[in-house]
Each structure stands twice: as structure tokens, then as C-alpha cells.
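Below is one structure, written out as C-alpha cells; comments come after it.
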Amino acid sequence: RFLKQDYRATAGRYDAIGSVEMVEAIGRENWPAFMDCLARNLRPGGHAALQFISLRDDLFEACAASADFIQAYVFPG
């Protein structure tokens, strides 16, 4: 079963959860709530697959402080 809804409205226990581009879409201020949602809805022993764009730790703060192509055109606001 696939659900297309706000992750915060998800309630249930799932054997597997897939996430595509959510990390970028919700912004770092919402990462804790998103990870809590995954933990709350994943059954013990279940699996979660998260796909996201990553970069080196030493570049993260500078990148997060400015609008790059992805922030400006793919995920504006």
C-alpha cells in the first residue's frame, strides 16, 4: 500500500517505509519531527529507506546558509 499524504498525519505500524527527497523538501528544522514519525510508524524489526541529496559535513553550514540551485528552483520555500 502506498500513501500520498502529509507525513505528520500518518498513523499506523508498517513493515517498511520509503522516503524520496523528503529530507530536502521539509527543511532541517523539521528533520527531528520527520525522524520521530518514521520511528513511531515503523514496526520493530522493520526497514526504512531514505533517499536524499547529501554533501560533505565541512560544506553543510555554508550550503545551508545560501540558496543554491536546488533550494531556489527545486524546493523554493
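Naming scheme: A, B, ... for chains in displayed order of the C-alpha cells; residues 1 onward per chain; ligands 1 onward as shown.
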- Task: Run DSSP on the backbone and give me the residues of chain A it puts in strand (DSSP E or B), as a VMD selection string.
- Result: chain A and resid 14 to 20 42 to 51
- Item | DSSP helix (DSSP H, G or I) residues within segment 8-75 of chain A, as JSON, numbers by chain | {"A": [8, 9, 22, 23, 24, 25, 26, 28, 29, 30, 31, 32, 33, 34, 35, 36, 37, 38, 39, 40, 41, 57, 58, 59, 60, 61, 62, 63, 64, 69, 70, 71, 72, 73, 74]}
- Residue contacts of Ile26 of chain A (12 Å, only C-alpha atoms) excluding same-chain residues fewer than 6 positions away, as a list in words: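 Listing them by chain and then by number gives Asp6, Tyr7, Arg8, Ser19, Val20, Pro32, Ala33, Phe34, Met35, Phe52, Gln71, Phe75, Pro76 and Gly77 of chain A.
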- Message: Measuring between only C-alpha atoms, which one of A:Leu59, A:Ala9, A:Ala48, A:Ala64 shows the shortest distance to Glu24 of chain A?
- Response: A:Ala64
- Task: Go through A:Glu21, A:Asp15, A:Glu29, A:Asp58 one by one, measure the shortest atom-to-atom distance of each to Gly46 of chain A using only C-alpha atoms, and give the residue with the smallest value.
- Result: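 Using only C-alpha atoms, Gly46 of chain A sits closest to A:Asp15.
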- Task: Could you jot down the atom CA of Ala65 of chain A to atom CA of Trp31 of chain A separation for me, Å, one decimal place?
- Result: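 According to the coordinates, atom CA of Ala65 of chain A and atom CA of Trp31 of chain A are separated by 16.6 Å.
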- Which of these residues is nearest to Asp36 of chain A, using only C-alpha atoms: A:Gln51, A:Thr10, A:Gly18, A:Arg1?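 Smallest distance to Asp36 of chain A is found for A:Thr10.
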- Message: With only C-alpha atoms as the counted atoms, please give the residues lying no more than 10 Å from Gly12 of chain A, apart from itself and same-chain residues fewer than 5 positions off, as a list of chain:residue names.
- Response: A:Arg40, A:Asn41, A:Leu42, A:Arg43
